[in-house]
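Source file: work_19.cif. Holds: mmCIF, C-alpha atoms.
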```cif
data_my_file
loop_
_atom_site.label_atom_id
_atom_site.label_comp_id
_atom_site.auth_asym_id
_atom_site.auth_seq_id
_atom_site.Cartn_x
_atom_site.Cartn_y
_atom_site.Cartn_z
CA MET A 1 0.00 0.00 0.00
CA LEU A 2 2.97 2.26 0.53
CA TRP A 3 4.70 1.14 -2.60
CA GLY A 4 5.77 3.97 -4.80
CA ALA A 5 5.75 6.42 -1.95
CA VAL A 6 8.74 8.59 -1.31
CA ILE A 7 9.86 8.19 2.26
CA THR A 8 12.25 10.36 4.17
CA LEU A 9 14.19 8.89 7.02
CA CYS A 10 16.42 10.58 9.52
CA ASP A 11 20.04 9.65 10.01
CA ALA A 12 22.10 10.51 13.04
CA ALA A 13 25.45 10.29 11.33
CA PRO A 14 26.86 10.77 7.87
CA PRO A 15 27.43 7.47 6.04
CA ASP A 16 31.20 7.58 6.40
CA ASN A 17 31.23 8.59 10.05
CA HIS A 18 32.71 5.87 12.24
CA SER A 19 33.12 8.01 15.33
CA ALA A 20 30.60 7.08 17.98
CA THR A 21 31.00 10.43 19.73
CA ALA A 22 30.39 12.39 16.57
CA ALA A 23 27.47 10.14 15.70
CA LEU A 24 25.79 10.93 18.99
CA THR A 25 26.00 14.67 18.55
CA ALA A 26 25.47 14.95 14.80
CA ALA A 27 21.94 15.23 13.49
CA HIS A 28 21.86 14.40 9.84
CA VAL A 29 18.97 13.48 7.69
CA LEU A 30 18.72 9.98 6.25
CA GLN A 31 18.68 9.89 2.52
CA THR A 32 15.35 9.95 0.80
CA VAL A 33 14.62 6.61 -0.76
CA GLN A 34 12.13 5.95 -3.51
CA VAL A 35 10.25 2.69 -3.12
CA THR A 36 8.98 1.24 -6.39
CA GLY A 37 7.13 -2.03 -6.24
CA ASP A 38 9.11 -4.26 -3.89
CA ALA A 39 12.41 -2.51 -4.49
CA ILE A 40 14.53 0.60 -4.03
CA ALA A 41 16.33 1.05 -7.32
CA MET A 42 18.63 3.92 -6.38
CA PRO A 43 21.78 2.92 -4.45
CA LEU A 44 22.31 4.78 -1.17
CA ALA A 45 26.04 5.26 -1.87
CA THR A 46 28.11 5.84 -5.00
CA SER A 47 30.40 2.89 -4.38
CA SER A 48 30.21 -0.47 -2.63
CA ASP A 49 32.67 -3.08 -1.47
CA PRO A 50 31.65 -6.75 -1.19
CA ALA A 51 34.63 -7.51 1.07
CA ARG A 52 33.54 -4.89 3.58
CA GLY A 53 30.00 -6.21 3.17
CA ARG A 54 31.10 -9.72 4.09
CA GLU A 55 32.75 -8.39 7.25
CA LEU A 56 29.54 -6.59 8.16
CA VAL A 57 27.40 -9.64 7.49
CA MET A 58 29.59 -11.74 9.75
CA GLY A 59 30.12 -9.05 12.38
CA ARG A 60 28.29 -7.99 15.50
CA GLU A 61 27.10 -4.66 14.08
CA SER A 62 24.59 -6.07 11.64
CA ASN A 63 24.10 -9.46 13.31
CA CYS A 64 22.73 -10.95 10.06
CA MET A 65 23.74 -14.45 11.04
CA LEU A 66 21.90 -14.39 14.33
CA CYS A 67 18.85 -15.12 12.18
CA HIS A 68 20.05 -16.11 8.69
CA ALA A 69 22.15 -19.01 7.50
CA ILE A 70 24.78 -18.11 4.91
CA PRO A 71 26.75 -21.32 4.30
CA GLU A 72 28.98 -19.46 1.83
CA THR A 73 30.60 -17.61 4.75
CA GLY A 74 31.91 -20.87 6.19
CA ALA A 75 30.69 -19.77 9.62
CA GLN A 76 30.19 -22.46 12.22
CA PHE A 77 27.02 -21.09 13.79
CA MET A 78 24.05 -19.63 11.98
CA GLY A 79 20.47 -18.91 12.99
CA ASN A 80 17.36 -20.16 11.23
CA ILE A 81 14.82 -17.49 12.10
CA GLY A 82 14.88 -15.85 8.70
CA PRO A 83 15.26 -17.61 5.35
CA THR A 84 18.68 -18.86 4.32
CA LEU A 85 20.62 -16.35 2.24
CA SER A 86 22.46 -19.05 0.35
CA GLY A 87 22.25 -18.17 -3.33
CA VAL A 88 20.10 -15.14 -2.52
CA ALA A 89 21.43 -13.23 -5.55
CA GLN A 90 19.61 -15.70 -7.77
CA ARG A 91 16.35 -14.79 -6.12
CA LEU A 92 16.62 -11.07 -5.44
CA SER A 93 18.03 -8.13 -7.37
CA ALA A 94 20.16 -5.53 -5.59
CA ALA A 95 17.16 -3.19 -5.65
CA GLN A 96 14.93 -5.80 -4.02
CA MET A 97 17.57 -6.54 -1.38
CA ARG A 98 17.82 -2.82 -0.69
CA LEU A 99 14.18 -2.46 0.35
CA ARG A 100 14.28 -5.65 2.39
CA ILE A 101 17.29 -4.41 4.34
CA VAL A 102 16.20 -0.77 4.58
CA ASP A 103 12.76 -1.65 5.89
CA GLN A 104 11.30 -5.12 5.47
CA SER A 105 8.12 -4.02 7.25
CA ARG A 106 7.15 -2.13 4.08
CA LEU A 107 6.55 -5.57 2.56
CA ASN A 108 5.35 -7.38 5.68
CA PRO A 109 4.12 -5.29 8.62
CA ALA A 110 4.31 -8.33 10.93
CA THR A 111 7.95 -9.07 10.11
CA VAL A 112 10.47 -9.70 12.85
CA MET A 113 13.32 -8.42 10.69
CA PRO A 114 14.53 -5.05 11.99
CA ALA A 115 14.61 -2.10 9.61
CA TYR A 116 18.28 -1.35 9.06
CA TYR A 117 17.89 2.15 7.64
CA ARG A 118 15.06 3.74 9.53
CA THR A 119 14.81 5.72 12.73
CA GLU A 120 11.15 6.69 12.81
CA GLY A 121 8.32 4.73 14.34
CA LEU A 122 10.45 2.97 16.92
CA SER A 123 9.68 2.91 20.64
CA LEU A 124 11.83 2.94 23.76
CA VAL A 125 15.11 2.88 21.87
CA ALA A 126 18.20 2.77 24.11
CA PRO A 127 19.78 6.23 24.40
CA SER A 128 22.98 5.16 22.63
CA PHE A 129 21.00 4.08 19.54
CA GLN A 130 18.40 6.84 19.40
CA GLY A 131 18.12 8.57 16.06
CA LYS A 132 20.55 6.18 14.42
CA PRO A 133 19.86 3.53 11.83
CA VAL A 134 21.34 0.06 12.45
CA LEU A 135 23.60 0.48 9.42
CA ASN A 136 24.53 3.62 7.56
CA ALA A 137 24.01 4.12 3.83
CA GLN A 138 27.49 2.96 2.85
CA GLN A 139 27.20 -0.14 5.00
CA ILE A 140 23.85 -1.01 3.43
CA GLU A 141 25.42 -0.86 -0.03
CA ASP A 142 28.44 -2.92 1.07
CA VAL A 143 26.14 -5.61 2.47
CA ILE A 144 24.13 -5.67 -0.77
CA ALA A 145 27.36 -5.93 -2.78
CA TYR A 146 28.35 -8.99 -0.77
CA LEU A 147 24.91 -10.60 -0.96
CA GLN A 148 24.97 -10.09 -4.73
CA THR A 149 27.99 -12.44 -4.88
CA LEU A 150 25.89 -15.29 -3.44
CA LYS A 151 24.78 -16.91 -6.67
CA MET B 1 14.32 13.67 21.85
CA SER B 2 13.22 10.31 23.12
CA ILE B 3 9.69 11.52 23.78
CA GLY B 4 9.47 12.68 20.20
CA ILE B 5 10.46 9.29 18.94
CA TRP B 6 8.00 7.49 21.19
CA CYS B 7 5.14 9.67 20.11
CA ALA B 8 6.01 9.88 16.45
CA VAL B 9 3.06 9.05 14.25
CA THR B 10 4.38 7.40 11.15
CA PRO B 11 3.31 4.73 8.71
CA TRP B 12 5.15 2.26 10.93
CA SER B 13 3.64 3.18 14.25
CA SER B 14 0.83 0.70 13.70
CA HIS B 15 3.13 -2.12 14.77
CA SER B 16 1.10 -2.79 17.85
CA ALA B 17 0.51 -6.13 19.44
CA GLU B 18 -2.88 -6.29 17.76
CA SER B 19 -1.33 -6.48 14.30
CA ILE B 20 0.80 -9.49 15.20
CA PRO B 21 -0.93 -12.78 14.56
CA PRO B 22 -0.19 -14.90 17.62
CA ILE B 23 0.68 -18.57 17.33
CA PHE B 24 -1.70 -19.24 20.16
CA SER B 25 -3.89 -16.69 21.80
CA ILE B 26 -3.91 -16.06 25.51
CA SER B 27 -7.34 -15.47 26.91
CA PRO B 28 -7.60 -12.90 29.68
CA PRO B 29 -8.21 -14.22 33.15
CA ALA B 30 -11.83 -13.89 34.15
CA SER B 31 -11.50 -15.08 37.72
CA SER B 32 -8.93 -16.23 40.21
CA THR B 33 -8.63 -19.52 38.33
CA PRO B 34 -5.33 -19.71 36.46
CA LEU B 35 -6.08 -19.84 32.76
CA ALA B 36 -2.53 -19.61 31.49
CA PRO B 37 -1.73 -22.06 28.71
CA LEU B 38 0.44 -24.91 29.94
CA GLY B 39 3.90 -24.23 28.66
CA ARG B 40 7.15 -25.99 28.07
CA SER B 41 9.94 -25.33 30.53
CA GLY B 42 13.11 -23.73 29.21
CA ILE B 43 15.19 -26.68 30.40
CA THR B 44 13.59 -28.87 27.72
CA PHE B 45 15.25 -26.67 25.09
CA ALA B 46 18.68 -27.02 26.70
CA SER B 47 21.39 -29.42 25.61
CA PRO B 48 21.75 -32.77 27.47
CA ASP B 49 24.84 -31.62 29.39
CA ILE B 50 23.00 -28.57 30.74
CA ARG B 51 19.95 -30.65 31.62
CA GLN B 52 22.16 -33.06 33.51
CA LEU B 53 23.93 -30.24 35.32
CA GLN B 54 20.63 -28.79 36.52
CA ALA B 55 19.21 -32.16 37.58
CA ASP B 56 22.20 -33.22 39.67
CA ASN B 57 22.25 -31.38 43.00
CA PHE B 58 25.89 -32.25 43.53
CA ALA B 59 26.91 -30.78 40.18
CA ASN B 60 24.45 -27.89 39.91
CA PRO B 61 26.48 -24.75 40.71
CA GLY B 62 23.31 -22.97 41.83
CA MET B 63 23.20 -25.23 44.88
CA LEU B 64 26.13 -23.25 46.31
CA TRP B 65 23.78 -20.26 46.51
CA VAL B 66 21.07 -22.41 48.08
CA THR B 67 23.53 -23.55 50.74
CA ARG B 68 24.60 -19.97 51.40
CA GLY B 69 20.95 -18.97 51.64
CA GLU B 70 20.35 -21.65 54.28
CA THR B 71 23.15 -20.17 56.40
CA ILE B 72 21.75 -16.65 56.07
CA TRP B 73 18.30 -17.94 57.00
CA ARG B 74 19.62 -18.92 60.43
CA THR B 75 21.90 -15.91 60.96
CA PRO B 76 20.57 -12.99 63.06
CA SER B 77 20.64 -9.64 61.30
CA GLY B 78 19.73 -6.06 62.17
CA VAL B 79 19.49 -4.27 65.51
CA LYS B 80 16.83 -6.67 66.80
CA GLY B 81 19.07 -9.64 66.16
CA GLN B 82 16.33 -11.41 64.24
CA ALA B 83 17.05 -14.19 61.78
CA CYS B 84 14.57 -15.32 59.14
CA ALA B 85 14.26 -18.49 61.19
CA SER B 86 13.25 -16.47 64.27
CA CYS B 87 9.80 -15.95 62.73
CA HIS B 88 9.58 -18.59 60.03
CA GLN B 89 11.38 -21.46 61.78
CA ASP B 90 12.23 -24.29 59.40
CA ALA B 91 12.10 -23.05 55.82
CA GLN B 92 11.66 -26.57 54.52
CA GLN B 93 8.28 -26.52 56.21
CA SER B 94 7.24 -22.88 56.28
CA MET B 95 8.47 -21.83 52.85
CA GLN B 96 7.25 -24.82 50.90
CA GLY B 97 5.22 -23.57 47.93
CA VAL B 98 5.54 -19.91 48.88
CA SER B 99 7.69 -18.82 45.93
CA ALA B 100 5.35 -20.60 43.53
CA ARG B 101 2.72 -17.96 44.31
CA TYR B 102 5.01 -14.99 43.56
CA PRO B 103 4.94 -12.32 42.26
CA ARG B 104 1.84 -11.23 44.13
CA LEU B 105 0.06 -7.97 44.69
CA ASP B 106 0.74 -6.12 47.90
CA THR B 107 -2.88 -5.06 48.29
CA GLY B 108 -2.04 -2.54 51.00
CA ARG B 109 0.29 -0.58 48.76
CA GLY B 110 -1.03 -1.56 45.37
CA THR B 111 2.39 -2.67 44.16
CA ILE B 112 3.70 -5.96 42.88
CA LEU B 113 6.01 -7.90 45.16
CA ASN B 114 8.33 -10.43 43.63
CA ILE B 115 10.24 -12.80 45.88
CA GLU B 116 13.19 -10.40 46.05
CA GLY B 117 10.84 -7.61 47.07
CA GLN B 118 9.26 -9.81 49.75
CA ILE B 119 12.69 -10.70 51.17
CA ASN B 120 13.61 -7.04 51.39
CA ARG B 121 10.22 -6.18 52.91
CA CYS B 122 11.03 -8.63 55.71
CA ARG B 123 14.50 -7.25 56.13
CA GLN B 124 13.28 -3.69 56.45
CA GLU B 125 10.11 -4.20 58.46
CA GLN B 126 10.79 -7.30 60.54
CA GLN B 127 14.55 -7.30 60.92
CA ALA B 128 14.94 -3.51 60.81
CA THR B 129 17.95 -3.70 58.58
CA THR B 130 18.96 -2.56 55.12
CA PRO B 131 17.50 -4.12 51.97
CA TRP B 132 19.80 -6.10 49.73
CA VAL B 133 20.43 -4.77 46.24
CA TYR B 134 19.59 -6.85 43.19
CA GLU B 135 22.30 -9.31 42.15
CA SER B 136 24.07 -9.04 45.50
CA ALA B 137 25.39 -12.39 46.66
CA ASP B 138 23.07 -12.40 49.67
CA LEU B 139 19.87 -11.59 47.80
CA LEU B 140 20.64 -14.19 45.14
CA ALA B 141 21.42 -16.75 47.84
CA MET B 142 18.20 -16.08 49.74
CA THR B 143 16.14 -16.09 46.52
CA ALA B 144 17.72 -19.38 45.49
CA TYR B 145 17.11 -20.86 48.93
CA LEU B 146 13.45 -19.79 49.06
CA ASN B 147 12.65 -20.83 45.50
CA TYR B 148 14.36 -24.15 46.12
CA GLN B 149 11.79 -24.84 48.85
CA SER B 150 9.14 -24.88 46.09
CA ARG B 151 11.10 -27.06 43.69
CA GLY B 152 8.83 -29.52 41.96
CA MET B 153 5.68 -27.64 42.92
CA PRO B 154 3.47 -26.04 40.28
CA ILE B 155 3.63 -22.28 39.80
CA ALA B 156 0.29 -20.83 40.85
CA VAL B 157 0.16 -17.12 40.06
CA THR B 158 -3.49 -16.21 39.81
CA ILE B 159 -5.07 -13.07 38.43
CA ASP B 160 -8.08 -11.45 40.05
CA THR B 161 -9.73 -8.06 40.15
CA ASP B 162 -7.03 -6.71 42.43
CA ASN B 163 -3.97 -7.49 40.31
CA ARG B 164 -5.69 -7.43 36.93
CA THR B 165 -4.43 -3.94 36.06
CA GLN B 166 -0.82 -4.95 36.67
CA TRP B 167 -1.37 -8.14 34.67
CA GLU B 168 -2.72 -6.07 31.77
CA ARG B 169 0.33 -3.85 31.96
CA GLY B 170 2.67 -6.83 31.92
CA LYS B 171 0.81 -8.33 28.99
CA ALA B 172 1.10 -5.08 27.05
CA ILE B 173 4.85 -4.97 27.72
CA PHE B 174 5.18 -8.59 26.57
CA HIS B 175 3.48 -7.71 23.29
CA ARG B 176 4.94 -4.28 22.53
CA ARG B 177 7.64 -3.77 19.97
CA GLN B 178 10.59 -1.88 21.38
CA GLY B 179 14.18 -0.86 20.81
CA GLN B 180 16.15 -0.29 17.65
CA MET B 181 15.50 -3.95 16.74
CA ASN B 182 11.77 -3.22 17.05
CA LEU B 183 10.93 -6.59 18.58
CA ALA B 184 8.51 -7.69 21.30
CA CYS B 185 8.90 -10.57 23.77
CA VAL B 186 6.07 -12.36 21.95
CA HIS B 187 8.04 -12.55 18.72
CA CYS B 188 10.88 -14.70 19.99
CA HIS B 189 9.15 -16.44 22.88
CA GLU B 190 5.84 -17.40 21.28
CA GLN B 191 6.05 -17.01 17.53
CA LEU B 192 9.60 -18.29 16.99
CA VAL B 193 9.93 -20.89 19.74
CA GLY B 194 12.28 -23.68 18.75
CA ARG B 195 14.14 -21.64 16.13
CA LYS B 196 17.86 -20.95 16.44
CA LEU B 197 19.10 -17.46 17.27
CA LEU B 198 22.68 -18.13 16.23
CA THR B 199 23.44 -20.94 18.71
CA ASP B 200 20.57 -20.52 21.13
CA THR B 201 17.25 -22.29 20.72
CA LEU B 202 14.47 -19.84 21.46
CA SER B 203 12.42 -21.02 24.43
CA GLU B 204 9.00 -19.97 25.61
CA GLY B 205 10.57 -17.55 28.04
CA HIS B 206 9.41 -19.02 31.33
CA GLY B 207 10.99 -17.96 34.62
CA ASN B 208 10.28 -21.16 36.54
CA ALA B 209 13.95 -22.05 37.07
CA TYR B 210 15.13 -18.68 38.41
CA PRO B 211 17.45 -17.73 39.86
CA ILE B 212 19.64 -19.56 37.38
CA TYR B 213 23.32 -20.27 37.14
CA ARG B 214 24.24 -19.12 33.66
CA LEU B 215 27.53 -20.28 32.22
CA GLU B 216 27.74 -17.05 30.24
CA TRP B 217 27.50 -15.09 33.51
CA GLN B 218 29.68 -17.45 35.53
CA THR B 219 27.29 -16.80 38.39
CA VAL B 220 23.69 -17.01 39.50
CA GLY B 221 21.38 -14.26 38.26
CA SER B 222 17.83 -13.12 38.87
CA LEU B 223 14.94 -13.19 36.43
CA GLN B 224 15.18 -9.41 36.19
CA ARG B 225 18.81 -9.69 35.13
CA ARG B 226 17.70 -11.97 32.32
CA LEU B 227 14.83 -9.66 31.34
CA ARG B 228 17.17 -6.67 31.24
CA SER B 229 19.49 -8.69 29.04
CA CYS B 230 16.63 -9.13 26.55
CA PHE B 231 15.92 -5.37 26.61
CA ASN B 232 19.60 -4.87 25.87
CA GLY B 233 19.47 -7.39 23.05
CA VAL B 234 16.76 -5.50 21.20
CA ARG B 235 18.61 -2.24 21.94
CA ALA B 236 15.81 -0.86 24.09
CA ALA B 237 16.11 1.44 27.09
CA ILE B 238 16.70 -0.89 30.05
CA PRO B 239 14.45 -0.41 33.10
CA ASP B 240 16.16 -0.23 36.48
CA TYR B 241 16.19 -3.29 38.71
CA GLY B 242 12.94 -3.40 40.64
CA ALA B 243 11.18 -1.03 38.23
CA GLU B 244 7.38 -1.30 38.19
CA GLU B 245 7.60 -2.17 34.52
CA LEU B 246 9.72 -5.25 35.22
CA LEU B 247 7.52 -6.25 38.15
CA ALA B 248 4.39 -6.08 35.97
CA LEU B 249 6.18 -8.16 33.34
CA GLU B 250 7.20 -10.66 36.03
CA LEU B 251 3.57 -10.95 37.13
CA TYR B 252 2.45 -11.62 33.57
CA LEU B 253 5.24 -14.18 33.12
CA GLY B 254 4.36 -15.85 36.42
CA TRP B 255 0.73 -16.22 35.36
CA ARG B 256 1.85 -17.42 31.95
CA SER B 257 4.08 -20.07 33.58
CA SER B 258 1.40 -21.30 35.96
CA GLY B 259 1.27 -25.08 35.98
CA LEU B 260 4.96 -25.46 35.19
CA THR B 261 6.95 -26.72 38.14
CA VAL B 262 9.52 -24.63 39.97
CA GLU B 263 13.03 -25.78 39.01
CA ALA B 264 15.19 -23.39 41.02
CA PRO B 265 18.10 -23.20 40.93
CA GLY B 266 18.21 -23.62 37.17
CA VAL B 267 21.23 -23.93 34.91
CA ARG B 268 21.52 -22.42 31.46
CA ARG B 269 24.25 -21.91 28.92
#
```
Translate the structure of the given file into structure tokens.
Amino acid sequence: MLWGAVITLCDAAPPDNHSATAALTAAHVLQTVQVTGDAIAMPLATSSDPARGRELVMGRESNCMLCHAIPETGAQFMGNIGPTLSGVAQRLSAAQMRLRIVDQSRLNPATVMPAYYRTEGLSLVAPSFQGKPVLNAQQIEDVIAYLQTLK
Amino acid sequence: MSIGIWCAVTPWSSHSAESIPPIFSISPPASSTPLAPLGRSGITFASPDIRQLQADNFANPGMLWVTRGETIWRTPSGVKGQACASCHQDAQQSMQGVSARYPRLDTGRGTILNIEGQINRCRQEQQATTPWVYESADLLAMTAYLNYQSRGMPIAVTIDTDNRTQWERGKAIFHRRQGQMNLACVHCHEQLVGRKLLTDTLSEGHGNAYPIYRLEWQTVGSLQRRLRSCFNGVRAAIPDYGAEELLALELYLGWRSSGLTVEAPGVRR
């Protein structure tokens, strides 16, 4: 029902800002994303790095593997709450992945997958995470770049 | 800033409990009869080595806290030199089944008392001494000792007109999405039970084995410690120990666990 709408989301830090202190004090606006159908066609960053994306997918910041199995990573432990991401690039385009990572609830309001690039409509967020998306725009694109290698 | 976020009306703010299709519905209590659905204890989701550790009193590390609690029970404290045993005599007799009925409403004050709160009420009013803080060795030991006296007995937390409001509050907390991860208790502990969260099998979230010795903690911890850990996991603001919010949630969980047997002291990974 919200497909095609232009949504504006607020960011607390510029995409390339890795300083937690600066992130807490800065008040930046999340990029506007255009949702078309079940996808966001426009990348959130001009470049992307699948190697950095793999690190993010396996790391504690994004916690992808708490819920998803990605056998290609060679990881020993993987969750099974969400669908496996093995070969996900055969099933989803980068644009489709983008919407699912940015805000899966746009496709399924009852989803348990957190929105990774959204700060509005959340309740009782811990002070250290208030106003911040889970991943910044560059990180979203890096994760997509890695997931696109899973064919 | 936080108020603004809480109150923000957005296309996503409709993520209320009502929009989440439950796996099984919980009917509200109409009388003092416990109507909670019979659940499955968390220990049944644990690996065989953990189950064995909990079942064997000589191996269960939580029994060290029980033993310490037994000593404290008999030790005079406060200016009046009163021990727990001075009033309650033999805990194996007098405390049998008591913990299974907690948390309960303190009708005089209109607040929820969990077992920790009851212990501290006794300390302050009967022994005229200072309350123990949450997660102190003494409070954990006394909690373990008292709950151990109900081991094997069914939890019997009933809801009536007096504590109904607090039960409703706890139920709402259980079902509300919160934190940066935007998840509610009900998601993991009812809708996704049995699934793997990395290495952990999601359980139904019952507190019938608390306090538990958790290998991750390397110590015994209270139910509130575990609840706060979940708040932290979803990146939500963490209520203080003893907060009314956690007490209401404990009451709801106690009702929800009614019929399960007390397993204190439990062991978890």
Option closest in space to A:Thr84, from A:Ala51, A:Leu150, A:Leu30, A:Ala41 [counting all atoms listed in the file]
A:Leu150
Here's the selection I'm unsure about, the PyMOL selection byres ((chain A) within 10 of (chain B)); applied to the file above, which residues does it give, as a PyMOL selection string?
chain A and resi 2+7+63-69+76-82+103+105-106+109-116+118-134
Do you know which residues the PyMOL selection byres ((chain B and resi 41-53) around 10) returns on this file, as a short mmCIF file (atom, residue, chain, number, x, y, z; two decimals) with C-alpha atoms, keeping the file's coordinate frame?
```cif
data_model
loop_
_atom_site.label_atom_id
_atom_site.label_comp_id
_atom_site.auth_asym_id
_atom_site.auth_seq_id
_atom_site.Cartn_x
_atom_site.Cartn_y
_atom_site.Cartn_z
CA LEU B 38 0.44 -24.91 29.94
CA GLY B 39 3.90 -24.23 28.66
CA ARG B 40 7.15 -25.99 28.07
CA GLN B 54 20.63 -28.79 36.52
CA ALA B 55 19.21 -32.16 37.58
CA ASP B 56 22.20 -33.22 39.67
CA ASN B 57 22.25 -31.38 43.00
CA PHE B 58 25.89 -32.25 43.53
CA ALA B 59 26.91 -30.78 40.18
CA ASN B 60 24.45 -27.89 39.91
CA PRO B 61 26.48 -24.75 40.71
CA GLY B 62 23.31 -22.97 41.83
CA VAL B 193 9.93 -20.89 19.74
CA GLY B 194 12.28 -23.68 18.75
CA ASP B 200 20.57 -20.52 21.13
CA THR B 201 17.25 -22.29 20.72
CA LEU B 202 14.47 -19.84 21.46
CA SER B 203 12.42 -21.02 24.43
CA GLU B 204 9.00 -19.97 25.61
CA GLY B 205 10.57 -17.55 28.04
CA HIS B 206 9.41 -19.02 31.33
CA GLY B 207 10.99 -17.96 34.62
CA ASN B 208 10.28 -21.16 36.54
CA ALA B 209 13.95 -22.05 37.07
CA ARG B 214 24.24 -19.12 33.66
CA LEU B 215 27.53 -20.28 32.22
CA SER B 257 4.08 -20.07 33.58
CA LEU B 260 4.96 -25.46 35.19
CA THR B 261 6.95 -26.72 38.14
CA VAL B 262 9.52 -24.63 39.97
CA GLU B 263 13.03 -25.78 39.01
CA GLY B 266 18.21 -23.62 37.17
CA VAL B 267 21.23 -23.93 34.91
CA ARG B 268 21.52 -22.42 31.46
CA ARG B 269 24.25 -21.91 28.92
#
```
Written as a PyMOL selection string, what is the full residue list that the PyMOL selection byres ((chain B and resi 122) around 12) yields on the file shown?
chain B and resi 73+77-78+82-88+113+115-121+123-132+142
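Interatomic distance, atom CA of B:Ala137 to atom CA of B:Gln96: 22.4 Å.
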Return the single residue from B:Asn163, B:Ser258, B:Gln89, B:Ser150 that is closest to B:Gly108, with distances computed using only C-alpha atoms.
B:Asn163
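When atom CA of A:Glu72 is paired with atom CA of A:Thr149, their separation reads 9.8 Å.
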Contact residues around A:Glu55 with only C-alpha atoms at 12 Å, ignoring same-chain residues under 3 positions, as a list of chain:residue names:
A:Asp49, A:Pro50, A:Ala51, A:Arg52, A:Met58, A:Gly59, A:Arg60, A:Glu61, A:Ser62, A:Asn63, A:Cys64, A:Met65, A:Thr73, A:Ala75, A:Gln139, A:Asp142, A:Val143, A:Ala145, A:Tyr146, A:Leu147
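Atom CA of B:Glu190 sits 27.2 Å away from atom CA of A:Pro71.
When only C-alpha atoms are used to compute distances to B:Thr219, the closest of the residues B:Met63, B:Ser94, B:Ala172, B:Leu246 turns out to be B:Met63.
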B:Glu244 surroundings by all atoms listed in the file, 10 Å radius, close-in-sequence under 6 positions cut, as number ranges by chain
B: 111-113, 166, 169-170, 250
Can those selected residues be exported to a file as a PDB file, in the frame of the given file so that it contains C-alpha atoms?
```
ATOM      1  CA  THR B 111       2.390  -2.670  44.160  1.00  0.00           C
ATOM      2  CA  ILE B 112       3.700  -5.960  42.880  1.00  0.00           C
ATOM      3  CA  LEU B 113       6.010  -7.900  45.160  1.00  0.00           C
ATOM      4  CA  GLN B 166      -0.820  -4.950  36.670  1.00  0.00           C
ATOM      5  CA  ARG B 169       0.330  -3.850  31.960  1.00  0.00           C
ATOM      6  CA  GLY B 170       2.670  -6.830  31.920  1.00  0.00           C
ATOM      7  CA  GLU B 250       7.200 -10.660  36.030  1.00  0.00           C
TER       8      GLU B 250
END
```
Write out as lines of an AutoDock Vina configuration file an axis-aligned box for stretch 144-149 of chain A: all of its atoms listed in the file, 3 Å added on each side, centre and edge lengths in Å with one decimal.
```
center_x = 26.2
center_y = -9.1
center_z = -2.8
size_x = 10.2
size_y = 12.8
size_z = 10.1
```
